[in-house]
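Chemist: Shown below is the structure under consideration.
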Amino acid sequence: MSSGDLWMRDLITTYGLALLVSACALIVFSWSWSRFRQNHFKSFLLGFECECAQLASAHKKRLFSVLRQTVSHDELLRSLNRIRILEIGVKTGDNIQYYPEGTHFIGVDWNRKLGEYLVNGDRSWQFAHVIFERLIIGDGSCMRAVPTGCVDVVVTTRSLCSTDSITDTLREIHRVLAPGGTYLFMEHLPDKPGSFVAWIQMMLTKTKIWPSLFGACRLDFDPIEHLERSRLKNLSWQRIVLQGYVSQPHHLLLSRHHIIGSASR
């Protein structure tokens, strides 16, 4: 073997080993980063999102009070004095406590373990008053598994900011709602235009830092224009600001402004 062949063999061996080590390191880093994001987001849901739900409890009680007078379009459910609710972005299931006894529930969420959590988790007793019809993996922008016009009420709370397409999601909400069905929402808004907080929200979103750590949430997302352009009718909303104690006040500072309201098909 010539010296040139030996040099080439050594070169390939050296760089091949370096590439192999780099590839292994990249795989380990990717796996670790993915696990970190999952654990971080889970901690966020069980921490701040639960605290935020407590701050919003009075507003939610008022928002969901219409459910007591809702009559199902489904003849069988109507005869049983029950309704069907579809919720996009179930998270920890906090909204379920406001749903009437015997509600038929369809959940849409990216959490593949949501069913196990709702049925067999430590808090499953809090969800025992509803009947779980179906759990769909997704964000609401595509709900082909849900028949057209079969849902009495659609609910989103702090969820539209994470959808792949707000236009597609609102179109799907309109499609799955029964004629005259109700859409109830509470979504966070950006801070006042030109403020320092609004600038921070924009930077954290544009750099993908916030979406990558908090379930694709976009802090600078404003749903108002999209809601007004959608096919939903009787749109009614008001602005609210959540205030109170939370263990991580910077989270509240970045998502304290909300829009809360309803629309119908």
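Following the order of the structure tokens, first chain is A, next is B, and so on, with residues numbered from 1 inside each chain and ligands from 1 in the order they appear.
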Write out as a ChimeraX atom specification the residues lying within 12 Å of Arg239 of chain A, counting only C-alpha atoms and excluding same-chain residues fewer than 3 positions away.

Modeler: /A:59,185-191,224,236,242,256-261

Chemist: Neighbouring residues of segment 140-152 of chain A were defined as those with any atom within 9 Å, considering only C-alpha atoms; residues of the same chain fewer than 6 positions away were excluded. Please report them as a PyMOL selection string.

Modeler: chain A and resi 70-74+83-89+106+108-109+160+163-183

Chemist: Distance atom CA of Gly121 of chain A-atom CA of Ser65 of chain A, one decimal place?

Modeler: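 Taking atom CA of Gly121 of chain A and atom CA of Ser65 of chain A, their separation equals 27.1 Å.
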
Chemist: Write out as JSON, numbers by chain each polymer residue whose atoms come within 12 Å of segment 201-211 of chain A, counting only C-alpha atoms; drop sequence neighbours fewer than 3 positions from it.

Modeler: {"A": [37, 40, 41, 161, 162, 163, 164, 188, 189, 190, 191, 192, 193, 194, 195, 196, 197, 198, 214, 215, 216, 217, 218, 219, 220, 221, 222, 250, 251, 253, 254, 255, 256]}

Chemist: Name the residues of segment 19-260 of chain A that come out as strand (DSSP E) in a backbone DSSP run; write them as an NGL selection string.

Modeler: :A and (84-88 or 104-109 or 131-137 or 151-157 or 177-188 or 233-241 or 257-260)

Chemist: I need the residues from that last selection saved to file as a PDB file, in the first residue's frame (with C-alpha atoms), if you can.

Modeler:
```pdb
ATOM      1  CA  ARG A  84     -72.246  17.850  23.254  1.00  0.00           C
ATOM      2  CA  ILE A  85     -69.180  20.058  23.786  1.00  0.00           C
ATOM      3  CA  LEU A  86     -65.961  20.058  21.773  1.00  0.00           C
ATOM      4  CA  GLU A  87     -62.956  21.725  23.387  1.00  0.00           C
ATOM      5  CA  ILE A  88     -59.777  22.616  21.500  1.00  0.00           C
ATOM      6  CA  HIS A 104     -70.825  14.451  25.923  1.00  0.00           C
ATOM      7  CA  PHE A 105     -67.249  15.638  25.495  1.00  0.00           C
ATOM      8  CA  ILE A 106     -64.911  15.680  22.490  1.00  0.00           C
ATOM      9  CA  GLY A 107     -61.368  16.817  23.262  1.00  0.00           C
ATOM     10  CA  VAL A 108     -58.797  18.079  20.765  1.00  0.00           C
ATOM     11  CA  ASP A 109     -55.228  18.349  22.025  1.00  0.00           C
ATOM     12  CA  ILE A 131     -68.952  11.352  29.066  1.00  0.00           C
ATOM     13  CA  PHE A 132     -65.814  11.197  26.925  1.00  0.00           C
ATOM     14  CA  GLU A 133     -66.893  10.511  23.354  1.00  0.00           C
ATOM     15  CA  ARG A 134     -63.621  11.056  21.549  1.00  0.00           C
ATOM     16  CA  LEU A 135     -60.129  12.487  22.001  1.00  0.00           C
ATOM     17  CA  ILE A 136     -58.457  13.802  18.851  1.00  0.00           C
ATOM     18  CA  ILE A 137     -54.728  14.445  18.500  1.00  0.00           C
ATOM     19  CA  VAL A 151     -71.499  19.810  18.139  1.00  0.00           C
ATOM     20  CA  ASP A 152     -73.641  22.104  20.300  1.00  0.00           C
ATOM     21  CA  VAL A 153     -70.774  24.128  21.810  1.00  0.00           C
ATOM     22  CA  VAL A 154     -67.108  24.626  20.902  1.00  0.00           C
ATOM     23  CA  VAL A 155     -64.719  25.974  23.545  1.00  0.00           C
ATOM     24  CA  THR A 156     -61.210  27.419  23.308  1.00  0.00           C
ATOM     25  CA  THR A 157     -59.317  29.070  26.161  1.00  0.00           C
ATOM     26  CA  LEU A 177     -71.070  23.433  15.113  1.00  0.00           C
ATOM     27  CA  ALA A 178     -74.735  22.614  14.718  1.00  0.00           C
ATOM     28  CA  PRO A 179     -76.889  25.374  13.181  1.00  0.00           C
ATOM     29  CA  GLY A 180     -77.297  27.927  15.947  1.00  0.00           C
ATOM     30  CA  GLY A 181     -74.503  26.274  17.942  1.00  0.00           C
ATOM     31  CA  THR A 182     -72.306  28.388  20.216  1.00  0.00           C
ATOM     32  CA  TYR A 183     -68.578  29.107  20.240  1.00  0.00           C
ATOM     33  CA  LEU A 184     -67.171  30.262  23.601  1.00  0.00           C
ATOM     34  CA  PHE A 185     -63.637  31.623  23.849  1.00  0.00           C
ATOM     35  CA  MET A 186     -61.097  33.273  26.109  1.00  0.00           C
ATOM     36  CA  GLU A 187     -57.839  34.056  24.332  1.00  0.00           C
ATOM     37  CA  HIS A 188     -54.826  36.119  25.356  1.00  0.00           C
ATOM     38  CA  LYS A 233     -72.171  35.133  13.484  1.00  0.00           C
ATOM     39  CA  ASN A 234     -73.314  37.152  16.493  1.00  0.00           C
ATOM     40  CA  LEU A 235     -69.748  37.790  17.591  1.00  0.00           C
ATOM     41  CA  SER A 236     -69.629  39.445  21.014  1.00  0.00           C
ATOM     42  CA  TRP A 237     -66.526  40.025  23.102  1.00  0.00           C
ATOM     43  CA  GLN A 238     -64.861  42.190  25.730  1.00  0.00           C
ATOM     44  CA  ARG A 239     -61.329  42.770  26.929  1.00  0.00           C
ATOM     45  CA  ILE A 240     -60.238  41.644  30.381  1.00  0.00           C
ATOM     46  CA  VAL A 241     -56.953  41.797  32.283  1.00  0.00           C
ATOM     47  CA  HIS A 257     -54.577  40.761  28.446  1.00  0.00           C
ATOM     48  CA  HIS A 258     -57.455  38.657  27.116  1.00  0.00           C
ATOM     49  CA  ILE A 259     -60.501  38.739  24.941  1.00  0.00           C
ATOM     50  CA  ILE A 260     -63.517  36.770  26.211  1.00  0.00           C
TER      51      ILE A 260
END
```

Chemist: Just give me the gap between atom CA of Phe44 of chain A and atom CA of Asp139 of chain A in Å, one decimal is fine.

Modeler: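 Between atom CA of Phe44 of chain A and atom CA of Asp139 of chain A the gap works out to 18.3 Å.
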
Chemist: Could you write out, as a ChimeraX atom specification, all the residues of segment 213-260 of chain A that DSSP marks as helix (DSSP H, G or I)?

Modeler: /A:213,224-229,249-254

Chemist: Could you check how far atom CA of Ile200 of chain A sits from atom CA of Gln248 of chain A, in Å to one decimal?

Modeler: 16.5 Å

Chemist: Considering only C-alpha atoms, tabulate each residue of segment 30-128 of chain A that lies at most 12 Å from segment 262-265 of chain A along with its nearest interatomic pair and the corresponding distance in Å to one decimal; arrange the rows by chain and ascending residue number and present them as a tab-separated table.

Modeler:
```
residue	atom	partner	partner_atom	distance
A:Lys60	CA	A:Ser262	CA	11.9
A:Arg62	CA	A:Ser262	CA	11.5
A:Leu63	CA	A:Ser262	CA	8.1
A:Phe64	CA	A:Ser262	CA	9.9
A:Ser65	CA	A:Ser262	CA	11.8
A:Val66	CA	A:Ser262	CA	10.1
A:Leu67	CA	A:Ser262	CA	11.8
```
